[in-house]
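Chemist: My structure is in coords-v9.txt, and what it holds is compact mmCIF, C-alpha atoms:
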# COMPACT_ATOMS: atom_id res chain seq x y z
CA MET S 124 201.69 -145.99 -72.74
CA LEU S 125 204.75 -147.92 -73.84
CA GLY S 126 204.63 -147.01 -77.54
CA VAL S 127 207.78 -145.35 -78.78
CA SER S 128 206.72 -142.42 -80.91
CA THR S 129 208.62 -139.49 -82.24
CA SER S 130 207.80 -136.00 -81.03
CA ALA S 131 206.40 -135.19 -84.48
CA ASP S 132 203.59 -137.59 -83.66
CA VAL S 133 202.43 -135.94 -80.42
CA GLY S 134 198.79 -135.36 -81.46
CA TYR S 135 198.49 -139.04 -82.16
CA LEU S 136 200.21 -140.00 -78.88
CA GLU S 137 197.74 -138.01 -76.81
CA ASP S 138 194.89 -139.87 -78.44
CA THR S 139 196.63 -143.17 -77.72
CA ASP S 140 196.75 -142.33 -74.01
CA ALA S 141 193.06 -141.41 -73.99
CA ILE S 142 192.13 -144.64 -75.75
CA VAL S 143 194.22 -146.75 -73.35
CA ARG S 144 192.43 -145.05 -70.44
CA ARG S 145 189.04 -145.77 -71.98
CA LEU S 146 190.00 -149.42 -72.51
CA ALA S 147 191.18 -149.68 -68.87
CA ARG S 148 187.76 -148.42 -67.78
CA ILE S 149 186.05 -150.98 -70.06
CA GLU S 150 188.25 -153.73 -68.59
CA GLY S 151 187.01 -152.71 -65.13
CA GLN S 152 183.41 -152.72 -66.37
CA VAL S 153 183.81 -156.27 -67.71
CA ARG S 154 185.23 -157.30 -64.32
CA GLY S 155 182.16 -155.69 -62.75
CA LEU S 156 179.89 -157.74 -65.01
CA SER S 157 181.68 -160.89 -63.92
CA ARG S 158 181.15 -159.96 -60.26
CA MET S 159 177.44 -159.32 -60.89
CA VAL S 160 177.06 -162.75 -62.50
CA SER S 161 179.01 -164.46 -59.66
CA ASP S 162 176.81 -162.70 -57.12
CA GLU S 163 173.76 -163.86 -59.11
CA ALA S 164 172.55 -160.30 -59.64
CA TYR S 165 169.21 -159.97 -61.39
CA CYS S 166 169.62 -160.92 -65.07
CA VAL S 167 168.02 -157.76 -66.44
CA ASP S 168 170.42 -155.60 -64.40
CA VAL S 169 173.38 -157.54 -65.79
CA LEU S 170 172.01 -157.05 -69.31
CA THR S 171 171.62 -153.30 -68.74
CA GLN S 172 175.22 -153.08 -67.55
CA LEU S 173 176.40 -155.24 -70.46
CA ALA S 174 174.69 -152.84 -72.89
CA ALA S 175 176.68 -149.97 -71.31
CA VAL S 176 179.97 -151.85 -71.79
CA SER S 177 179.02 -152.60 -75.39
CA ARG S 178 178.31 -148.91 -76.02
CA ALA S 179 181.65 -147.92 -74.46
CA LEU S 180 183.48 -150.41 -76.70
CA ASP S 181 181.67 -149.03 -79.76
CA GLY S 182 182.76 -145.55 -78.74
CA VAL S 183 186.40 -146.65 -78.79
CA GLY S 184 185.83 -148.29 -82.18
CA LEU S 185 184.42 -145.08 -83.64
CA LYS S 186 187.33 -143.09 -82.20
CA LEU S 187 189.86 -145.47 -83.79
CA LEU S 188 187.98 -145.33 -87.09
CA SER S 189 187.94 -141.55 -86.94
CA ASP S 190 191.65 -141.18 -86.10
CA HIS S 191 192.54 -143.72 -88.77
CA THR S 192 190.53 -141.85 -91.42
CA ARG S 193 191.85 -138.43 -90.45
CA HIS S 194 195.47 -139.56 -90.37
CA CYS S 195 196.39 -142.71 -92.32
CA VAL S 196 193.65 -142.71 -94.97
CA ARG S 197 193.74 -138.98 -95.53
CA GLY S 198 197.53 -138.90 -95.80
CA ALA S 199 197.54 -141.79 -98.27
CA VAL S 200 194.87 -140.14 -100.44
CA GLU S 201 196.80 -136.87 -100.43
CA ARG S 202 199.95 -138.69 -101.54
CA GLY S 203 197.75 -140.26 -104.25
CA GLY S 204 198.30 -143.35 -106.37
CA GLU S 205 197.69 -146.96 -105.46
CA GLU S 206 198.30 -146.50 -101.74
CA GLY S 207 195.32 -144.12 -101.62
CA ASP S 208 193.10 -146.67 -103.38
CA GLU S 209 194.16 -149.40 -100.96
CA LYS S 210 193.61 -147.32 -97.84
CA VAL S 211 190.13 -146.28 -99.00
CA SER S 212 189.15 -149.89 -99.78
CA GLU S 213 190.52 -151.05 -96.44
CA LEU S 214 188.64 -148.28 -94.62
CA LEU S 215 185.37 -149.27 -96.25
CA GLU S 216 185.88 -152.89 -95.24
CA ALA S 217 186.56 -151.77 -91.67
CA VAL S 218 183.38 -149.65 -91.66
CA GLU S 219 181.37 -152.61 -92.94
CA ARG S 220 182.82 -154.95 -90.30
CA PHE S 221 182.25 -152.36 -87.61
CA ALA S 222 178.62 -151.85 -88.66
CA ARG S 223 178.00 -155.61 -88.84
CA THR S 224 179.23 -156.32 -85.34
CA ARG S 225 177.15 -153.59 -83.79
CA MET U 116 162.29 -176.76 -66.31
CA LEU U 117 158.87 -175.93 -65.02
CA GLY U 118 159.55 -172.81 -62.99
CA VAL U 119 160.20 -174.67 -59.74
CA SER U 120 163.45 -173.28 -58.42
CA THR U 121 165.03 -174.94 -55.41
CA SER U 122 167.97 -173.58 -53.44
CA ALA U 123 170.15 -176.18 -55.19
CA ASP U 124 169.47 -174.69 -58.63
CA VAL U 125 172.58 -176.39 -59.97
CA GLY U 126 171.76 -176.00 -63.68
CA TYR U 127 171.69 -172.26 -63.19
CA LEU U 128 174.97 -172.22 -61.26
CA GLU U 129 176.75 -174.18 -63.99
CA ASP U 130 175.66 -171.55 -66.49
CA THR U 131 176.93 -168.89 -64.13
CA ASP U 132 180.38 -170.49 -64.11
CA ALA U 133 180.43 -170.70 -67.90
CA ILE U 134 179.42 -167.05 -68.19
CA VAL U 135 182.07 -165.95 -65.67
CA ARG U 136 184.68 -167.83 -67.73
CA ARG U 137 183.52 -166.14 -70.93
CA LEU U 138 183.71 -162.74 -69.24
CA ALA U 139 187.22 -163.50 -67.96
CA ARG U 140 188.25 -164.23 -71.54
CA ILE U 141 186.66 -160.96 -72.71
CA GLU U 142 188.51 -159.09 -69.95
CA GLY U 143 191.76 -160.57 -71.32
CA GLN U 144 190.78 -159.55 -74.85
CA VAL U 145 190.17 -155.94 -73.72
CA ARG U 146 193.60 -155.98 -72.07
CA GLY U 147 195.01 -157.23 -75.38
CA LEU U 148 193.34 -154.33 -77.21
CA SER U 149 194.95 -151.92 -74.77
CA ARG U 150 198.36 -153.47 -75.43
CA MET U 151 197.83 -153.20 -79.19
CA VAL U 152 196.98 -149.51 -78.87
CA SER U 153 199.97 -148.88 -76.56
CA ASP U 154 202.26 -150.66 -79.04
CA GLU U 155 200.72 -148.53 -81.79
CA ALA U 156 199.55 -151.56 -83.75
CA TYR U 157 197.98 -150.81 -87.12
CA CYS U 158 194.58 -149.20 -86.59
CA VAL U 159 192.67 -151.60 -88.83
CA ASP U 160 194.08 -154.58 -86.92
CA VAL U 161 192.94 -153.03 -83.62
CA LEU U 162 189.48 -152.47 -85.14
CA THR U 163 189.29 -156.10 -86.31
CA GLN U 164 190.21 -157.29 -82.82
CA LEU U 165 187.72 -154.87 -81.24
CA ALA U 166 184.97 -156.29 -83.46
CA ALA U 167 185.80 -159.76 -82.11
CA VAL U 168 185.51 -158.53 -78.50
CA SER U 169 182.21 -156.86 -79.34
CA ARG U 170 180.88 -160.11 -80.81
CA ALA U 171 181.99 -162.07 -77.75
CA LEU U 172 180.20 -159.59 -75.48
CA ASP U 173 177.04 -159.88 -77.60
CA GLY U 174 177.26 -163.64 -77.25
CA VAL U 175 177.21 -163.32 -73.46
CA GLY U 176 174.26 -160.92 -73.73
CA LEU U 177 172.27 -163.39 -75.82
CA LYS U 178 173.09 -166.19 -73.37
CA LEU U 179 171.86 -164.09 -70.43
CA LEU U 180 168.73 -163.13 -72.36
CA SER U 181 168.10 -166.76 -73.20
CA ASP U 182 168.62 -168.06 -69.63
CA HIS U 183 166.48 -165.24 -68.26
CA THR U 184 163.64 -166.04 -70.67
CA ARG U 185 163.78 -169.81 -70.12
CA HIS U 186 163.89 -169.47 -66.33
CA CYS U 187 162.57 -166.23 -64.76
CA VAL U 188 160.15 -165.12 -67.49
CA ARG U 189 158.84 -168.56 -68.21
CA GLY U 190 158.33 -169.37 -64.53
CA ALA U 191 156.52 -166.08 -63.92
CA VAL U 192 154.22 -166.63 -66.93
CA GLU U 193 153.42 -170.16 -65.73
CA ARG U 194 152.54 -168.83 -62.28
CA GLY U 195 150.35 -166.31 -64.16
CA GLY U 196 148.85 -163.03 -62.98
CA GLU U 197 150.54 -159.64 -62.77
CA GLU U 198 154.03 -161.02 -62.24
CA GLY U 199 153.83 -162.71 -65.64
CA ASP U 200 152.81 -159.41 -67.28
CA GLU U 201 155.65 -157.57 -65.61
CA LYS U 202 158.30 -160.10 -66.56
CA VAL U 203 157.15 -160.13 -70.19
CA SER U 204 157.22 -156.29 -70.37
CA GLU U 205 160.63 -156.20 -68.74
CA LEU U 206 161.94 -158.85 -71.14
CA LEU U 207 160.75 -156.87 -74.16
CA GLU U 208 162.47 -153.73 -72.86
CA ALA U 209 165.68 -155.72 -72.38
CA VAL U 210 165.43 -157.08 -75.94
CA GLU U 211 164.92 -153.56 -77.28
CA ARG U 212 167.90 -152.21 -75.33
CA PHE U 213 170.02 -155.13 -76.43
CA ALA U 214 169.11 -154.64 -80.09
CA ARG U 215 169.73 -150.87 -79.88
CA THR U 216 173.22 -151.18 -78.47
CA ARG U 217 174.27 -153.62 -81.12
CA MET G 87 189.33 -142.19 -110.30
CA LEU G 88 191.30 -139.11 -109.43
CA GLY G 89 188.54 -136.76 -108.38
CA VAL G 90 188.03 -135.31 -111.85
CA SER G 91 184.31 -135.40 -112.41
CA THR G 92 183.01 -134.44 -115.84
CA SER G 93 179.37 -133.87 -116.73
CA ALA G 94 179.39 -137.32 -118.38
CA ASP G 95 180.13 -139.08 -115.09
CA VAL G 96 178.83 -142.34 -116.54
CA GLY G 97 180.31 -144.65 -113.91
CA TYR G 98 178.36 -142.79 -111.27
CA LEU G 99 175.12 -142.85 -113.29
CA GLU G 100 175.36 -146.60 -113.79
CA ASP G 101 175.65 -147.00 -110.03
CA THR G 102 172.63 -144.78 -109.63
CA ASP G 103 170.61 -147.10 -111.86
CA ALA G 104 171.74 -150.16 -109.92
CA ILE G 105 170.82 -148.48 -106.61
CA VAL G 106 167.40 -147.45 -107.92
CA ARG G 107 166.78 -151.06 -108.97
CA ARG G 108 167.80 -152.34 -105.54
CA LEU G 109 165.47 -149.83 -103.88
CA ALA G 110 162.61 -150.90 -106.19
CA ARG G 111 163.15 -154.47 -105.03
CA ILE G 112 163.14 -153.34 -101.39
CA GLU G 113 159.90 -151.43 -102.00
CA GLY G 114 158.38 -154.67 -103.28
CA GLN G 115 159.67 -156.53 -100.24
CA VAL G 116 158.04 -154.00 -97.91
CA ARG G 117 154.78 -154.44 -99.83
CA GLY G 118 155.20 -158.20 -99.34
CA LEU G 119 155.62 -157.67 -95.59
CA SER G 120 152.41 -155.68 -95.54
CA ARG G 121 150.59 -158.48 -97.34
CA MET G 122 151.94 -161.05 -94.87
CA VAL G 123 150.69 -158.97 -91.94
CA SER G 124 147.27 -158.44 -93.61
CA ASP G 125 147.00 -162.17 -94.26
CA GLU G 126 147.97 -162.75 -90.61
CA ALA G 127 151.01 -164.82 -91.53
CA TYR G 128 152.87 -166.38 -88.62
CA CYS G 129 154.70 -163.64 -86.70
CA VAL G 130 158.09 -165.34 -86.75
CA ASP G 131 157.89 -165.70 -90.55
CA VAL G 132 157.12 -161.98 -90.87
CA LEU G 133 160.09 -161.20 -88.60
CA THR G 134 162.39 -163.40 -90.70
CA GLN G 135 161.27 -161.59 -93.86
CA LEU G 136 161.63 -158.20 -92.15
CA ALA G 137 165.21 -159.09 -91.22
CA ALA G 138 165.90 -159.77 -94.92
CA VAL G 139 164.50 -156.36 -95.92
CA SER G 140 166.61 -154.72 -93.21
CA ARG G 141 169.74 -156.42 -94.53
CA ALA G 142 168.94 -155.33 -98.10
CA LEU G 143 168.52 -151.73 -96.93
CA ASP G 144 171.84 -151.91 -95.08
CA GLY G 145 173.45 -153.17 -98.26
CA VAL G 146 172.26 -150.08 -100.13
CA GLY G 147 173.54 -147.89 -97.29
CA LEU G 148 177.00 -149.47 -97.46
CA LYS G 149 177.03 -149.03 -101.26
CA LEU G 150 176.15 -145.33 -100.93
CA LEU G 151 178.78 -144.89 -98.22
CA SER G 152 181.35 -146.61 -100.40
CA ASP G 153 180.56 -144.58 -103.57
CA HIS G 154 180.51 -141.38 -101.53
CA THR G 155 183.92 -142.13 -100.01
CA ARG G 156 185.52 -143.20 -103.29
CA HIS G 157 184.19 -140.17 -105.18
CA CYS G 158 183.22 -137.07 -103.16
CA VAL G 159 185.40 -137.57 -100.08
CA ARG G 160 188.42 -138.77 -102.00
CA GLY G 161 188.18 -135.95 -104.55
CA ALA G 162 187.86 -133.33 -101.81
CA VAL G 163 190.87 -134.72 -99.91
CA GLU G 164 192.94 -134.71 -103.11
CA ARG G 165 192.01 -131.09 -103.76
CA GLY G 166 193.09 -130.50 -100.13
CA GLY G 167 192.34 -127.60 -97.81
CA GLU G 168 189.22 -126.99 -95.76
CA GLU G 169 186.87 -128.86 -98.11
CA GLY G 170 188.85 -132.04 -97.46
CA ASP G 171 188.52 -131.55 -93.69
CA GLU G 172 184.79 -130.97 -93.99
CA LYS G 173 184.15 -134.00 -96.16
CA VAL G 174 186.13 -136.26 -93.83
CA SER G 175 184.22 -134.99 -90.77
CA GLU G 176 180.92 -135.39 -92.56
CA LEU G 177 181.85 -138.92 -93.65
CA LEU G 178 182.69 -139.92 -90.09
CA GLU G 179 179.35 -138.58 -88.85
CA ALA G 180 177.58 -140.57 -91.57
CA VAL G 181 179.46 -143.73 -90.56
CA GLU G 182 178.49 -143.19 -86.93
CA ARG G 183 174.83 -142.66 -87.81
CA PHE G 184 174.87 -145.68 -90.08
CA ALA G 185 176.40 -147.88 -87.38
CA ARG G 186 173.92 -146.60 -84.76
CA THR G 187 170.84 -147.39 -86.80
CA ARG G 188 171.95 -150.90 -87.53
CA MET E 186 143.41 -155.14 -94.01
CA LEU E 187 142.24 -158.29 -95.72
CA GLY E 188 142.89 -160.71 -92.87
CA VAL E 189 139.80 -162.57 -91.74
CA SER E 190 139.84 -162.72 -87.97
CA THR E 191 137.22 -163.67 -85.48
CA SER E 192 135.77 -161.05 -83.16
CA ALA E 193 137.55 -162.73 -80.23
CA ASP E 194 140.78 -161.52 -81.84
CA VAL E 195 139.91 -157.82 -82.05
CA GLY E 196 142.87 -156.51 -80.05
CA TYR E 197 145.17 -158.31 -82.45
CA LEU E 198 143.27 -157.01 -85.53
CA GLU E 199 143.69 -153.40 -84.44
CA ASP E 200 147.43 -153.95 -84.15
CA THR E 201 147.46 -155.49 -87.61
CA ASP E 202 145.90 -152.35 -89.06
CA ALA E 203 148.43 -150.15 -87.28
CA ILE E 204 151.32 -152.28 -88.55
CA VAL E 205 150.00 -152.25 -92.12
CA ARG E 206 149.78 -148.44 -91.93
CA ARG E 207 153.36 -148.22 -90.65
CA LEU E 208 154.55 -150.48 -93.47
CA ALA E 209 152.70 -148.35 -96.05
CA ARG E 210 154.56 -145.32 -94.71
CA ILE E 211 157.87 -147.19 -94.94
CA GLU E 212 157.05 -148.20 -98.53
CA GLY E 213 156.56 -144.50 -99.32
CA GLN E 214 159.86 -143.67 -97.63
CA VAL E 215 161.69 -146.26 -99.75
CA ARG E 216 160.09 -144.72 -102.86
CA GLY E 217 161.34 -141.34 -101.62
CA LEU E 218 164.87 -142.74 -101.29
CA SER E 219 164.67 -143.98 -104.87
CA ARG E 220 163.61 -140.53 -106.05
CA MET E 221 166.48 -138.90 -104.14
CA VAL E 222 168.98 -141.27 -105.80
CA SER E 223 167.44 -140.68 -109.28
CA ASP E 224 167.62 -136.92 -108.71
CA GLU E 225 171.25 -137.39 -107.63
CA ALA E 226 170.62 -135.85 -104.22
CA TYR E 227 173.69 -135.41 -102.04
CA CYS E 228 174.87 -138.83 -100.83
CA VAL E 229 174.98 -137.89 -97.16
CA ASP E 230 171.36 -136.69 -97.30
CA VAL E 231 170.30 -139.99 -98.85
CA LEU E 232 172.18 -141.87 -96.11
CA THR E 233 170.47 -139.81 -93.40
CA GLN E 234 167.08 -140.60 -94.91
CA LEU E 235 168.01 -144.27 -95.29
CA ALA E 236 168.88 -144.40 -91.59
CA ALA E 237 165.39 -143.08 -90.80
CA VAL E 238 163.77 -145.82 -92.92
CA SER E 239 165.95 -148.42 -91.22
CA ARG E 240 164.85 -147.17 -87.79
CA ALA E 241 161.18 -147.25 -88.84
CA LEU E 242 161.58 -150.84 -90.03
CA ASP E 243 163.23 -151.79 -86.74
CA GLY E 244 160.31 -150.24 -84.91
CA VAL E 245 157.89 -152.52 -86.76
CA GLY E 246 160.14 -155.49 -85.98
CA LEU E 247 160.10 -154.69 -82.26
CA LYS E 248 156.31 -154.28 -82.35
CA LEU E 249 155.89 -157.69 -84.02
CA LEU E 250 158.29 -159.25 -81.53
CA SER E 251 156.38 -157.68 -78.68
CA ASP E 252 152.92 -158.76 -79.91
CA HIS E 253 154.22 -162.24 -80.63
CA THR E 254 155.68 -162.58 -77.13
CA ARG E 255 152.61 -161.19 -75.39
CA HIS E 256 150.20 -163.39 -77.35
CA CYS E 257 151.60 -166.57 -78.96
CA VAL E 258 154.56 -167.24 -76.69
CA ARG E 259 152.78 -166.32 -73.51
CA GLY E 260 149.71 -168.40 -74.36
CA ALA E 261 151.86 -171.42 -75.23
CA VAL E 262 153.83 -171.12 -71.98
CA GLU E 263 150.60 -170.84 -69.98
CA ARG E 264 149.26 -173.99 -71.66
CA GLY E 265 152.62 -175.57 -70.74
CA GLY E 266 154.29 -178.69 -72.08
CA GLU E 267 156.35 -179.04 -75.24
CA GLU E 268 154.59 -176.27 -77.15
CA GLY E 269 155.78 -173.79 -74.51
CA ASP E 270 159.38 -175.01 -74.90
CA GLU E 271 159.19 -174.71 -78.67
CA LYS E 272 157.74 -171.21 -78.64
CA VAL E 273 160.37 -169.97 -76.19
CA SER E 274 163.20 -171.45 -78.30
CA GLU E 275 161.72 -169.98 -81.46
CA LEU E 276 161.35 -166.57 -79.78
CA LEU E 277 164.98 -166.57 -78.71
CA GLU E 278 166.09 -167.41 -82.25
CA ALA E 279 163.97 -164.55 -83.58
CA VAL E 280 165.50 -162.16 -81.03
CA GLU E 281 168.99 -163.26 -82.05
CA ARG E 282 168.23 -162.82 -85.76
CA PHE E 283 166.63 -159.44 -85.08
CA ALA E 284 169.65 -158.26 -83.09
CA ARG E 285 172.08 -159.52 -85.76
CA THR E 286 170.42 -157.68 -88.61
CA ARG E 287 170.35 -154.38 -86.80
Starting from the file, lay out its structure as structure tokens.

Modeler:
Amino acid sequence: MLGVSTSADVGYLEDTDAIVRRLARIEGQVRGLSRMVSDEAYCVDVLTQLAAVSRALDGVGLKLLSDHTRHCVRGAVERGGEEGDEKVSELLEAVERFARTR
Amino acid sequence: MLGVSTSADVGYLEDTDAIVRRLARIEGQVRGLSRMVSDEAYCVDVLTQLAAVSRALDGVGLKLLSDHTRHCVRGAVERGGEEGDEKVSELLEAVERFARTR
Amino acid sequence: MLGVSTSADVGYLEDTDAIVRRLARIEGQVRGLSRMVSDEAYCVDVLTQLAAVSRALDGVGLKLLSDHTRHCVRGAVERGGEEGDEKVSELLEAVERFARTR
Amino acid sequence: MLGVSTSADVGYLEDTDAIVRRLARIEGQVRGLSRMVSDEAYCVDVLTQLAAVSRALDGVGLKLLSDHTRHCVRGAVERGGEEGDEKVSELLEAVERFARTR
């Protein structure tokens, strides 16, 4: 965690650490996939493992989407005006993209 | 490709190399995601990048599914009998799992 | 749209009509699928048509999600307090379910 | 079931009936969605129901994919030659399309 955040942002920082840890685990899983393919593991076993990595990545995506909605989007809507409109539109585009790539 | 697999199954090995390279790139992309989160990049940008990683991973999954079908499943069906049945059932389960995790 | 919903919420009603029309079209498409299967159309053609119906249904889901976010969720967040929290949580669960079933 | 099939195709015919029944149920579910929207049911409830319809449609897709693989593709591969190649390629395209639209 190299992000410089103020202490008023602690709740968010904790989440950042958790997400970085989850991504480190996913990185290791991708390396594991690579090893399986190099070792010519049985295709169906590789596919099963790949599905697990894909699910883990989705989990991180949903967490980011959730934090973003609860913090940025919510704050912007509470402040009202154009910024609220923009954040809601942007959120809906992100949801659509997220759903499409699943 | 008529299901006859010799020890020098070069075509398969070449595919293996290509898949390992694609996975190495995905590993780098996951590391990039981690950096973005650490640097507290804008959430929606992280989500966009995560969607790209997810798509790349799907691409590898489809390639594995395709190679598996063209080689193992096809060969087993050509040889006929119970092995063919088993490989076809196993393939359909893999397709279902793959579709579910997308 | 600032969360003030009167009994003459015409904008919403118009959307309702459009959604009902889209669902009527989807109903017809499902009937068409049934006819293809009864007529023993080629499997791959049925699958291609089924994918189109699936996409159309997703489109309606995204439209509902979008209207819901722009109206209910947004209004609740603007009014603030617990209702805002609840609507945001509920929205995120709906997004997750939507993404899962795609 | 209006499809005219020979008696040698009975196993397939039974499946056709089952699939037509599943599609009739899905048609009814889509009609139910339309009614919910007309009655201005709560958005999140409509989305939950829509997810169920989407899952049911996917189920039919997987069944078609499965029957197609077990019958057409398998038969073509057993007969060998170019037809086998074509059917396998076509199957893989159908799998890809199916996965994409989920």

Chemist: Give me, please, the distance in Å between CA of Arg186 (chain G) and CA of Asp243 (chain E), quoted to one decimal.

Modeler: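 Pair CA of Arg186 (chain G) / CA of Asp243 (chain E) returns 12.0 Å.
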
Chemist: I want to know what sits within 10 Å of Ala191 (chain U), based on all atoms listed in the file, with residues of the same chain fewer than 3 positions away left out; could you give that as a list in words?

Modeler: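 My reading of the contact set: Gly118, Thr184, His186, Cys187, Val188, Arg194, Gly195, Gly196, Glu197, Glu198, Gly199, Asp200, Glu201, Lys202 and Val203 of chain U; Val262 and Glu263 of chain E.
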
Chemist: Could you build a table of the residues in chain G lying no more than 9 Å from chain E, giving for each the nearest pair of atoms and their separation in Å rounded to one decimal place, using all atoms listed in the file, ordered by chain and ascending residue number, as a Markdown table?

Modeler:
| residue | atom | partner | partner_atom | distance |
| --- | --- | --- | --- | --- |
| G:Leu99 | CA | E:Glu225 | CA | 8.8 |
| G:Thr102 | CA | E:Val222 | CA | 6.3 |
| G:Asp103 | CA | E:Ser223 | CA | 7.6 |
| G:Ile105 | CA | E:Val222 | CA | 7.5 |
| G:Val106 | CA | E:Ser219 | CA | 5.4 |
| G:Arg107 | CA | E:Ser219 | CA | 8.4 |
| G:Arg108 | CA | E:Ser219 | CA | 9.0 |
| G:Leu109 | CA | E:Ser219 | CA | 6.0 |
| G:Ala110 | CA | E:Ser219 | CA | 7.3 |
| G:Ile112 | CA | E:Val215 | CA | 7.4 |
| G:Glu113 | CA | E:Glu212 | CA | 5.5 |
| G:Gly114 | CA | E:Glu212 | CA | 8.1 |
| G:Gln115 | CA | E:Glu212 | CA | 8.9 |
| G:Val116 | CA | E:Glu212 | CA | 5.9 |
| G:Arg117 | CA | E:Glu212 | CA | 6.8 |
| G:Leu119 | CA | E:Leu208 | CA | 7.6 |
| G:Ser120 | CA | E:Val205 | CA | 5.4 |
| G:Arg121 | CA | E:Val205 | CA | 8.1 |
| G:Val123 | CA | E:Thr201 | CA | 6.4 |
| G:Ser124 | CA | E:Gly188 | CA | 5.0 |
| G:Asp125 | CA | E:Gly188 | CA | 4.6 |
| G:Glu126 | CA | E:Gly188 | CA | 5.9 |
| G:Cys129 | CA | E:His253 | CA | 6.2 |
| G:Val130 | CA | E:Ala279 | CA | 6.7 |
| G:Val132 | CA | E:Leu249 | CA | 8.2 |
| G:Leu133 | CA | E:Gly246 | CA | 6.3 |
| G:Thr134 | CA | E:Ala279 | CA | 7.4 |
| G:Leu136 | CA | E:Gly246 | CA | 6.9 |
| G:Ala137 | CA | E:Thr286 | CA | 6.0 |
| G:Ala138 | CA | E:Thr286 | CA | 8.0 |
| G:Val139 | CA | E:Leu242 | CA | 8.6 |
| G:Ser140 | CA | E:Ser239 | CA | 6.6 |
| G:Arg141 | CA | E:Thr286 | CA | 6.1 |
| G:Leu143 | CA | E:Ser239 | CA | 7.1 |
| G:Asp144 | CA | E:Ser239 | CA | 7.9 |
| G:Val146 | CA | E:Leu235 | CA | 8.7 |
| G:Gly147 | CA | E:Leu232 | CA | 6.3 |
| G:Leu150 | CA | E:Cys228 | CA | 6.6 |
| G:Leu151 | CA | E:Leu232 | CA | 7.6 |
| G:Asp153 | CA | E:Cys228 | CA | 8.5 |
| G:His154 | CA | E:Cys228 | CA | 6.2 |
| G:Cys158 | CA | E:Cys228 | CA | 8.8 |
| G:Glu176 | CA | E:Val229 | CA | 7.9 |
| G:Leu177 | CA | E:Val229 | CA | 7.8 |
| G:Ala180 | CA | E:Val229 | CA | 6.7 |
| G:Arg183 | CA | E:Ala236 | CA | 7.3 |
| G:Phe184 | CA | E:Ala236 | CA | 6.3 |
| G:Ala185 | CA | E:Arg287 | CA | 8.9 |
| G:Arg186 | CA | E:Ala236 | CA | 8.8 |
| G:Thr187 | CA | E:Ala236 | CA | 6.0 |
| G:Arg188 | CA | E:Arg287 | CA | 3.9 |

Chemist: Taking all atoms of region 221-235 of chain E that appear in the file, build a box with edges along x, y and z, extend it by 6 Å on every side, and state its centre and edge lengths in Å to one decimal, as JSON.

Modeler:
{"center_x": 170.7, "center_y": -139.8, "center_z": -101.3, "size_x": 20.5, "size_y": 20.9, "size_z": 27.9}

Chemist: What does the Cα RMSD come to when chain G is optimally superposed on chain E over every C-alpha atom in order?

Modeler: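 4.3 Å is the C-alpha RMSD between the two chains.
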
Chemist: Work out how far apart CA of Leu277 (chain E) and CA of Gln172 (chain S) are and give it in Å to one decimal.

Modeler: 20.3 Å

Chemist: Record the distance separating CA of Lys248 (chain E) and CA of Arg189 (chain U), expressed in Å with one decimal.

Modeler: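 Separation between CA of Lys248 (chain E) and CA of Arg189 (chain U): 20.3 Å.
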